Structures are given as structure tokens and as C-alpha cells.
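S.K.: This one is start_33.cif, mmCIF, N, CA and C atoms.
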```cif
data_upload
loop_
_atom_site.group_PDB
_atom_site.id
_atom_site.type_symbol
_atom_site.label_atom_id
_atom_site.label_comp_id
_atom_site.auth_asym_id
_atom_site.auth_seq_id
_atom_site.Cartn_x
_atom_site.Cartn_y
_atom_site.Cartn_z
ATOM 1 N N MET J 1 0.837 -1.176 0.000
ATOM 2 C CA MET J 1 0.000 0.000 0.000
ATOM 3 C C MET J 1 0.889 1.249 0.000
ATOM 4 N N ARG J 2 0.554 2.208 -0.825
ATOM 5 C CA ARG J 2 1.336 3.437 -0.936
ATOM 6 C C ARG J 2 0.898 4.442 0.121
ATOM 7 N N ARG J 3 1.893 5.140 0.665
ATOM 8 C CA ARG J 3 1.583 6.201 1.624
ATOM 9 C C ARG J 3 1.215 7.461 0.859
ATOM 10 N N THR J 4 0.182 8.159 1.310
ATOM 11 C CA THR J 4 -0.218 9.402 0.665
ATOM 12 C C THR J 4 -0.489 10.461 1.713
ATOM 13 N N LEU J 5 -0.430 11.699 1.286
ATOM 14 C CA LEU J 5 -0.756 12.835 2.136
ATOM 15 C C LEU J 5 -1.908 13.565 1.478
ATOM 16 N N ALA J 6 -2.988 13.761 2.202
ATOM 17 C CA ALA J 6 -4.159 14.421 1.627
ATOM 18 C C ALA J 6 -3.792 15.818 1.168
ATOM 19 N N GLY J 7 -4.305 16.200 0.011
ATOM 20 C CA GLY J 7 -4.026 17.526 -0.528
ATOM 21 C C GLY J 7 -4.826 18.595 0.186
ATOM 22 N N VAL J 8 -4.478 19.844 -0.061
ATOM 23 C CA VAL J 8 -5.148 20.975 0.564
ATOM 24 C C VAL J 8 -6.602 21.049 0.123
ATOM 25 N N ALA J 9 -6.879 20.704 -1.117
ATOM 26 C CA ALA J 9 -8.226 20.846 -1.671
ATOM 27 C C ALA J 9 -9.209 19.807 -1.132
ATOM 28 N N GLY J 10 -8.731 18.768 -0.521
ATOM 29 C CA GLY J 10 -9.653 17.751 -0.023
ATOM 30 C C GLY J 10 -8.985 16.395 0.018
ATOM 31 N N SER J 11 -9.756 15.376 0.268
ATOM 32 C CA SER J 11 -9.167 14.052 0.407
ATOM 33 C C SER J 11 -9.476 13.142 -0.777
ATOM 34 N N GLN J 12 -9.922 13.705 -1.914
ATOM 35 C CA GLN J 12 -10.165 12.880 -3.088
ATOM 36 C C GLN J 12 -8.832 12.309 -3.571
ATOM 37 N N GLU J 13 -8.872 11.176 -4.206
ATOM 38 C CA GLU J 13 -7.655 10.492 -4.657
ATOM 39 C C GLU J 13 -6.800 11.368 -5.554
ATOM 40 N N GLY J 14 -7.402 12.197 -6.393
ATOM 41 C CA GLY J 14 -6.642 13.044 -7.302
ATOM 42 C C GLY J 14 -5.898 14.173 -6.614
ATOM 43 N N ASN J 15 -6.198 14.440 -5.361
ATOM 44 C CA ASN J 15 -5.569 15.530 -4.627
ATOM 45 C C ASN J 15 -4.550 15.043 -3.612
ATOM 46 N N ARG J 16 -3.978 13.898 -3.834
ATOM 47 C CA ARG J 16 -3.029 13.339 -2.875
ATOM 48 C C ARG J 16 -1.619 13.328 -3.460
ATOM 49 N N VAL J 17 -0.664 13.526 -2.582
ATOM 50 C CA VAL J 17 0.739 13.466 -2.962
ATOM 51 C C VAL J 17 1.235 12.054 -2.699
ATOM 52 N N ASP J 18 1.927 11.472 -3.665
ATOM 53 C CA ASP J 18 2.441 10.111 -3.524
ATOM 54 C C ASP J 18 3.793 10.137 -2.823
ATOM 55 N N TRP J 19 3.853 9.619 -1.611
ATOM 56 C CA TRP J 19 5.098 9.538 -0.852
ATOM 57 C C TRP J 19 5.631 8.100 -0.846
ATOM 58 N N GLY J 20 5.184 7.274 -1.785
ATOM 59 C CA GLY J 20 5.553 5.864 -1.802
ATOM 60 C C GLY J 20 6.912 5.576 -2.408
ATOM 61 N N GLU J 21 7.588 6.593 -2.942
ATOM 62 C CA GLU J 21 8.905 6.357 -3.522
ATOM 63 C C GLU J 21 9.915 6.031 -2.442
ATOM 64 N N SER J 22 10.995 5.413 -2.848
ATOM 65 C CA SER J 22 12.050 5.096 -1.890
ATOM 66 C C SER J 22 12.703 6.382 -1.398
ATOM 67 N N GLY J 23 13.249 6.316 -0.213
ATOM 68 C CA GLY J 23 13.952 7.459 0.361
ATOM 69 C C GLY J 23 15.106 7.912 -0.513
ATOM 70 N N PHE J 24 15.748 6.964 -1.194
ATOM 71 C CA PHE J 24 16.869 7.308 -2.077
ATOM 72 C C PHE J 24 16.428 8.251 -3.174
ATOM 73 N N TRP J 25 15.334 7.926 -3.853
ATOM 74 C CA TRP J 25 14.888 8.758 -4.971
ATOM 75 C C TRP J 25 14.327 10.091 -4.518
ATOM 76 N N ILE J 26 13.717 10.117 -3.351
ATOM 77 C CA ILE J 26 13.281 11.399 -2.803
ATOM 78 C C ILE J 26 14.495 12.265 -2.519
ATOM 79 N N ALA J 27 15.549 11.665 -1.961
ATOM 80 C CA ALA J 27 16.787 12.409 -1.692
ATOM 81 C C ALA J 27 17.416 12.905 -2.995
ATOM 82 N N VAL J 28 17.411 12.077 -4.038
ATOM 83 C CA VAL J 28 17.957 12.492 -5.330
ATOM 84 C C VAL J 28 17.206 13.720 -5.845
ATOM 85 N N GLY J 29 15.891 13.690 -5.787
ATOM 86 C CA GLY J 29 15.098 14.825 -6.239
ATOM 87 C C GLY J 29 15.361 16.079 -5.426
ATOM 88 N N LEU J 30 15.484 15.926 -4.118
ATOM 89 C CA LEU J 30 15.758 17.079 -3.257
ATOM 90 C C LEU J 30 17.149 17.653 -3.498
ATOM 91 N N VAL J 31 18.137 16.801 -3.700
ATOM 92 C CA VAL J 31 19.498 17.273 -3.988
ATOM 93 C C VAL J 31 19.525 18.007 -5.323
ATOM 94 N N GLY J 32 18.851 17.468 -6.324
ATOM 95 C CA GLY J 32 18.778 18.144 -7.618
ATOM 96 C C GLY J 32 18.122 19.505 -7.513
ATOM 97 N N ASN J 33 17.029 19.576 -6.774
ATOM 98 C CA ASN J 33 16.359 20.859 -6.566
ATOM 99 C C ASN J 33 17.236 21.834 -5.798
ATOM 100 N N ALA J 34 17.947 21.339 -4.792
ATOM 101 C CA ALA J 34 18.824 22.200 -4.000
ATOM 102 C C ALA J 34 19.955 22.765 -4.857
ATOM 103 N N ALA J 35 20.579 21.926 -5.679
ATOM 104 C CA ALA J 35 21.656 22.402 -6.556
ATOM 105 C C ALA J 35 21.125 23.431 -7.536
ATOM 106 N N PHE J 36 19.963 23.168 -8.077
ATOM 107 C CA PHE J 36 19.373 24.077 -9.053
ATOM 108 C C PHE J 36 19.011 25.412 -8.404
ATOM 109 N N ALA J 37 18.480 25.380 -7.182
ATOM 110 C CA ALA J 37 18.110 26.612 -6.481
ATOM 111 C C ALA J 37 19.336 27.366 -5.981
ATOM 112 N N LEU J 38 20.364 26.650 -5.573
ATOM 113 C CA LEU J 38 21.573 27.273 -5.031
ATOM 114 C C LEU J 38 22.283 28.146 -6.055
ATOM 115 N N ARG J 39 22.093 27.844 -7.326
ATOM 116 C CA ARG J 39 22.746 28.636 -8.369
ATOM 117 C C ARG J 39 22.305 30.093 -8.314
ATOM 118 N N PHE J 40 21.047 30.342 -7.955
ATOM 119 C CA PHE J 40 20.566 31.717 -7.858
ATOM 120 C C PHE J 40 21.157 32.429 -6.651
ATOM 121 N N VAL J 41 21.355 31.710 -5.564
ATOM 122 C CA VAL J 41 21.994 32.285 -4.379
ATOM 123 C C VAL J 41 23.440 32.663 -4.714
ATOM 124 N N VAL J 42 24.136 31.773 -5.393
ATOM 125 C CA VAL J 42 25.523 32.036 -5.795
ATOM 126 C C VAL J 42 25.587 33.254 -6.707
ATOM 127 N N GLN J 43 24.683 33.347 -7.662
ATOM 128 C CA GLN J 43 24.667 34.477 -8.585
ATOM 129 C C GLN J 43 24.347 35.778 -7.848
ATOM 130 N N TRP J 44 23.427 35.721 -6.920
ATOM 131 C CA TRP J 44 23.045 36.898 -6.144
ATOM 132 C C TRP J 44 24.230 37.402 -5.318
ATOM 133 N N ILE J 45 24.923 36.495 -4.613
ATOM 134 C CA ILE J 45 26.074 36.878 -3.789
ATOM 135 C C ILE J 45 27.182 37.464 -4.661
ATOM 136 N N ALA J 46 27.462 36.837 -5.788
ATOM 137 C CA ALA J 46 28.501 37.346 -6.689
ATOM 138 C C ALA J 46 28.146 38.731 -7.210
ATOM 139 N N SER J 47 26.900 38.946 -7.535
ATOM 140 C CA SER J 47 26.457 40.255 -8.026
ATOM 141 C C SER J 47 26.530 41.313 -6.935
ATOM 142 N N GLU J 48 26.160 40.948 -5.715
ATOM 143 C CA GLU J 48 26.252 41.893 -4.603
ATOM 144 C C GLU J 48 27.705 42.290 -4.344
ATOM 145 N N ARG J 49 28.602 41.337 -4.403
ATOM 146 C CA ARG J 49 30.029 41.639 -4.179
ATOM 147 C C ARG J 49 30.596 42.526 -5.272
ATOM 148 N N ALA J 50 30.181 42.272 -6.506
ATOM 149 C CA ALA J 50 30.696 43.046 -7.646
ATOM 150 C C ALA J 50 29.946 44.367 -7.832
ATOM 151 N N LYS J 51 28.833 44.530 -7.130
ATOM 152 C CA LYS J 51 27.990 45.735 -7.267
ATOM 153 C C LYS J 51 27.466 45.909 -8.687
ATOM 154 N N ARG J 52 27.321 44.792 -9.387
ATOM 155 C CA ARG J 52 26.732 44.755 -10.726
ATOM 156 C C ARG J 52 26.274 43.322 -10.977
ATOM 157 N N SER J 53 25.475 43.132 -12.001
ATOM 158 C CA SER J 53 24.982 41.792 -12.305
ATOM 159 C C SER J 53 26.078 40.965 -12.969
ATOM 160 N N VAL J 54 26.423 39.858 -12.335
ATOM 161 C CA VAL J 54 27.428 38.950 -12.892
ATOM 162 C C VAL J 54 26.905 37.518 -12.811
ATOM 163 N N VAL J 55 27.409 36.677 -13.681
ATOM 164 C CA VAL J 55 27.071 35.254 -13.664
ATOM 165 C C VAL J 55 28.384 34.487 -13.500
ATOM 166 N N PRO J 56 28.689 34.048 -12.273
ATOM 167 C CA PRO J 56 29.936 33.321 -12.044
ATOM 168 C C PRO J 56 29.907 31.932 -12.682
ATOM 169 N N ILE J 57 31.075 31.382 -12.915
ATOM 170 C CA ILE J 57 31.159 30.054 -13.550
ATOM 171 C C ILE J 57 30.483 28.985 -12.681
ATOM 172 N N SER J 58 30.497 29.182 -11.360
ATOM 173 C CA SER J 58 29.835 28.209 -10.480
ATOM 174 C C SER J 58 28.324 28.146 -10.744
ATOM 175 N N PHE J 59 27.741 29.246 -11.242
ATOM 176 C CA PHE J 59 26.324 29.242 -11.620
ATOM 177 C C PHE J 59 26.068 28.176 -12.674
ATOM 178 N N TRP J 60 26.956 28.099 -13.670
ATOM 179 C CA TRP J 60 26.764 27.132 -14.756
ATOM 180 C C TRP J 60 27.021 25.707 -14.284
ATOM 181 N N TYR J 61 28.011 25.520 -13.398
ATOM 182 C CA TYR J 61 28.248 24.178 -12.860
ATOM 183 C C TYR J 61 27.050 23.702 -12.037
ATOM 184 N N LEU J 62 26.522 24.562 -11.172
ATOM 185 C CA LEU J 62 25.348 24.184 -10.383
ATOM 186 C C LEU J 62 24.137 23.934 -11.276
ATOM 187 N N SER J 63 24.006 24.728 -12.339
ATOM 188 C CA SER J 63 22.914 24.524 -13.293
ATOM 189 C C SER J 63 23.020 23.157 -13.942
ATOM 190 N N LEU J 64 24.228 22.815 -14.382
ATOM 191 C CA LEU J 64 24.458 21.535 -15.056
ATOM 192 C C LEU J 64 24.214 20.367 -14.104
ATOM 193 N N VAL J 65 24.775 20.434 -12.911
ATOM 194 C CA VAL J 65 24.599 19.356 -11.931
ATOM 195 C C VAL J 65 23.124 19.201 -11.561
ATOM 196 N N GLY J 66 22.460 20.311 -11.262
ATOM 197 C CA GLY J 66 21.044 20.249 -10.902
ATOM 198 C C GLY J 66 20.191 19.692 -12.022
ATOM 199 N N ALA J 67 20.446 20.137 -13.258
ATOM 200 C CA ALA J 67 19.653 19.663 -14.401
ATOM 201 C C ALA J 67 19.859 18.171 -14.649
ATOM 202 N N VAL J 68 21.097 17.705 -14.532
ATOM 203 C CA VAL J 68 21.373 16.277 -14.764
ATOM 204 C C VAL J 68 20.709 15.420 -13.687
ATOM 205 N N ILE J 69 20.837 15.847 -12.435
ATOM 206 C CA ILE J 69 20.213 15.083 -11.348
ATOM 207 C C ILE J 69 18.693 15.063 -11.515
ATOM 208 N N LEU J 70 18.106 16.218 -11.811
ATOM 209 C CA LEU J 70 16.649 16.260 -11.983
ATOM 210 C C LEU J 70 16.203 15.500 -13.227
ATOM 211 N N LEU J 71 17.040 15.451 -14.254
ATOM 212 C CA LEU J 71 16.716 14.647 -15.432
ATOM 213 C C LEU J 71 16.671 13.159 -15.068
ATOM 214 N N PHE J 72 17.666 12.685 -14.306
ATOM 215 C CA PHE J 72 17.653 11.288 -13.867
ATOM 216 C C PHE J 72 16.415 10.999 -13.021
ATOM 217 N N TYR J 73 16.079 11.926 -12.150
ATOM 218 C CA TYR J 73 14.893 11.766 -11.308
ATOM 219 C C TYR J 73 13.626 11.707 -12.164
ATOM 220 N N ALA J 74 13.529 12.586 -13.153
ATOM 221 C CA ALA J 74 12.359 12.606 -14.039
ATOM 222 C C ALA J 74 12.244 11.311 -14.840
ATOM 223 N N ILE J 75 13.376 10.802 -15.311
ATOM 224 C CA ILE J 75 13.371 9.531 -16.047
ATOM 225 C C ILE J 75 12.925 8.405 -15.125
ATOM 226 N N HIS J 76 13.447 8.402 -13.898
ATOM 227 C CA HIS J 76 13.031 7.386 -12.929
ATOM 228 C C HIS J 76 11.521 7.437 -12.698
ATOM 229 N N ARG J 77 10.965 8.638 -12.604
ATOM 230 C CA ARG J 77 9.525 8.803 -12.375
ATOM 231 C C ARG J 77 8.698 8.509 -13.621
ATOM 232 N N ARG J 78 9.381 8.383 -14.752
ATOM 233 C CA ARG J 78 8.707 8.149 -16.039
ATOM 234 C C ARG J 78 7.720 9.267 -16.348
ATOM 235 N N ASP J 79 8.183 10.482 -16.117
ATOM 236 C CA ASP J 79 7.359 11.670 -16.329
ATOM 237 C C ASP J 79 7.839 12.371 -17.597
ATOM 238 N N PRO J 80 7.090 12.258 -18.698
ATOM 239 C CA PRO J 80 7.565 12.817 -19.965
ATOM 240 C C PRO J 80 7.670 14.340 -19.949
ATOM 241 N N ILE J 81 6.794 15.026 -19.242
ATOM 242 C CA ILE J 81 6.846 16.490 -19.200
ATOM 243 C C ILE J 81 8.090 16.947 -18.444
ATOM 244 N N PHE J 82 8.307 16.381 -17.286
ATOM 245 C CA PHE J 82 9.463 16.689 -16.452
ATOM 246 C C PHE J 82 10.759 16.341 -17.198
ATOM 247 N N THR J 83 10.778 15.199 -17.870
ATOM 248 C CA THR J 83 11.963 14.772 -18.624
ATOM 249 C C THR J 83 12.253 15.743 -19.761
ATOM 250 N N LEU J 84 11.248 16.100 -20.531
ATOM 251 C CA LEU J 84 11.460 17.031 -21.647
ATOM 252 C C LEU J 84 11.847 18.427 -21.172
ATOM 253 N N ALA J 85 11.427 18.801 -19.971
ATOM 254 C CA ALA J 85 11.784 20.109 -19.433
ATOM 255 C C ALA J 85 13.271 20.191 -19.107
ATOM 256 N N TYR J 86 13.880 19.102 -18.655
ATOM 257 C CA TYR J 86 15.281 19.128 -18.242
ATOM 258 C C TYR J 86 16.245 18.535 -19.269
ATOM 259 N N LEU J 87 15.740 17.853 -20.272
ATOM 260 C CA LEU J 87 16.601 17.213 -21.268
ATOM 261 C C LEU J 87 17.505 18.198 -22.014
ATOM 262 N N PRO J 88 16.991 19.291 -22.565
ATOM 263 C CA PRO J 88 17.878 20.189 -23.318
ATOM 264 C C PRO J 88 18.757 21.073 -22.437
ATOM 265 N N ASN J 89 18.387 21.255 -21.171
ATOM 266 C CA ASN J 89 19.118 22.177 -20.307
ATOM 267 C C ASN J 89 20.587 21.818 -20.158
ATOM 268 N N GLY J 90 20.887 20.552 -19.987
ATOM 269 C CA GLY J 90 22.274 20.127 -19.813
ATOM 270 C C GLY J 90 23.154 20.550 -20.974
ATOM 271 N N PHE J 91 22.639 20.453 -22.184
ATOM 272 C CA PHE J 91 23.412 20.867 -23.359
ATOM 273 C C PHE J 91 23.679 22.367 -23.344
ATOM 274 N N ILE J 92 22.667 23.132 -22.954
ATOM 275 C CA ILE J 92 22.807 24.593 -22.913
ATOM 276 C C ILE J 92 23.820 24.991 -21.853
ATOM 277 N N TYR J 93 23.737 24.394 -20.666
ATOM 278 C CA TYR J 93 24.668 24.739 -19.588
ATOM 279 C C TYR J 93 26.090 24.296 -19.931
ATOM 280 N N ALA J 94 26.244 23.136 -20.533
ATOM 281 C CA ALA J 94 27.570 22.674 -20.943
ATOM 282 C C ALA J 94 28.154 23.605 -22.007
ATOM 283 N N ARG J 95 27.331 24.045 -22.929
ATOM 284 C CA ARG J 95 27.780 24.985 -23.961
ATOM 285 C C ARG J 95 28.226 26.307 -23.329
ATOM 286 N N ASN J 96 27.471 26.807 -22.364
ATOM 287 C CA ASN J 96 27.860 28.041 -21.685
ATOM 288 C C ASN J 96 29.179 27.874 -20.931
ATOM 289 N N LEU J 97 29.379 26.722 -20.306
ATOM 290 C CA LEU J 97 30.667 26.451 -19.651
ATOM 291 C C LEU J 97 31.799 26.436 -20.662
ATOM 292 N N TYR J 98 31.570 25.795 -21.804
ATOM 293 C CA TYR J 98 32.579 25.746 -22.865
ATOM 294 C C TYR J 98 32.916 27.157 -23.341
ATOM 295 N N LEU J 99 31.906 27.952 -23.612
ATOM 296 C CA LEU J 99 32.124 29.312 -24.096
ATOM 297 C C LEU J 99 32.840 30.177 -23.059
ATOM 298 N N THR J 100 32.474 30.002 -21.794
ATOM 299 C CA THR J 100 33.128 30.755 -20.720
ATOM 300 C C THR J 100 34.586 30.396 -20.617
ATOM 301 N N ARG J 101 34.895 29.119 -20.663
ATOM 302 C CA ARG J 101 36.296 28.678 -20.569
ATOM 303 C C ARG J 101 37.098 29.102 -21.801
ATOM 304 N N ARG J 102 36.459 29.035 -22.967
ATOM 305 C CA ARG J 102 37.150 29.403 -24.206
ATOM 306 C C ARG J 102 37.506 30.884 -24.221
ATOM 307 N N THR J 103 36.603 31.741 -23.762
ATOM 308 C CA THR J 103 36.855 33.178 -23.790
ATOM 309 C C THR J 103 37.790 33.618 -22.677
ATOM 310 N N SER J 104 37.898 32.839 -21.592
ATOM 311 C CA SER J 104 38.795 33.225 -20.496
ATOM 312 C C SER J 104 40.234 32.783 -20.719
ATOM 313 N N SER J 105 40.472 31.922 -21.730
ATOM 314 C CA SER J 105 41.851 31.470 -21.975
ATOM 315 C C SER J 105 42.573 32.375 -22.942
#
```
Output the file's structure in the form of C-alpha cells.
M.R.:
Amino acid sequence: MRRTLAGVAGSQEGNRVDWGESGFWIAVGLVGNAAFALRFVVQWIASERAKRSVVPISFWYLSLVGAVILLFYAIHRRDPIFTLAYLPNGFIYARNLYLTRRTSS
């Protein structure tokens, strides 16, 4: 039997969150989300220090790591929308890393 948490809208089956996944996969999803969210904190701190808007290289690394982890999580969940949302991101972030490294050398 799967564990569920009743949704805010009521206790109908369609309004429940599925907590039946293994702890490992929940942790994978949370780590991916944390890496993806942390990139904005890193960018904000770098911009505050520089007193202008900057995008540090760590922003792109966190973007790439977060997108790859969330892509694996989406594939595990067999969610086509979630998978298609993160599939192209890794290529874009890798390209930005390549361009950043190429122009800094």
C-alpha cells in the first residue's frame, strides 16, 4: 500500500501526494532541486560583491549538476513532461561552460 498525504483541496484520490517512492529517490530529487536553487543564491552573492549583475562560472556548474540530477529523477519517475523540461538544459549549460572557458583562456 502506498503512503499518501491528503491535498489541501480535499481528500479525493486526485488531490493526494504520492510519498511511496524510496527514500533514495526522494533524496535524489531534493538534492537536484537544492543544486538548481543554489545557483541563484551564488549568482546573487557574486552580483552583490561586484555591485553589478554577474554570472559566475559556479552558476553554470550548479545549473548543469542540478539539471542532470533532476533529469535522472524525471526519467526514474517516467514523467515525460518533467523529462522534456530538463533534457535540453544540460546541453545549454555545458555549452555556456565551454564558451566561458574558451573566452577566459
S.K.: Pick the closest to Ile92 in chain J from J:Phe72, J:Trp25, J:Phe36, J:Trp60: which is it, counting all atoms listed in the file?
M.R.: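 Of the candidates, the smallest distance to Ile92 in chain J is held by J:Trp60.
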S.K.: Tell me which protein, DNA and RNA residues are within 8 Å of Ala74 in chain J, counting only N, CA and C atoms, leaving out same-chain ones fewer than 6 positions away, and put them as number ranges by chain.
M.R.: J: 29, 68, 80-84
S.K.: Of the residues J:Leu87, J:Ile45, J:Ala35, J:Leu99, which is the one nearest to Tyr61 in chain J, using all atoms listed in the file?
M.R.: J:Ala35
S.K.: Measure the distance from CA of Asn33 in chain J to atom C of Arg102 in chain J in Å and round it to one decimal.
M.R.: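 Between these atoms lies a distance of 29.3 Å.
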S.K.: What does the distance between CA of Ser63 in chain J and atom C of Tyr86 in chain J come to in Å, to one decimal place?
M.R.: 10.8 Å
S.K.: Listed atoms of range 82-91 of chain J, axis-aligned box, 8 Å per side: centre and edge lengths to one decimal in Å, as JSON?
M.R.:
```
{"center_x": 16.0, "center_y": 18.6, "center_z": -19.9, "size_x": 31.4, "size_y": 23.6, "size_z": 22.9}
```
S.K.: How would you write, as a list in words, the set of residues in range 3-98 of chain J that DSSP gives as strand (DSSP E)?
M.R.: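 For range 3-98 of chain J, the strand (DSSP E) set is Thr4, Leu5, Ala6, Arg16, Val17 and Asp18 of chain J.
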S.K.: If I take atom C of Tyr73 in chain J and atom N of Asn96 in chain J, how far is one from the other in Å, to one decimal?
M.R.: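 It comes out at 22.9 Å.
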S.K.: Here is a test: counting all atoms listed in the file, which residue of J:Leu62, J:Ile26, J:Thr100, J:Ala67 is nearest to Arg39 in chain J?
M.R.: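 Smallest distance to Arg39 in chain J is found for J:Leu62.
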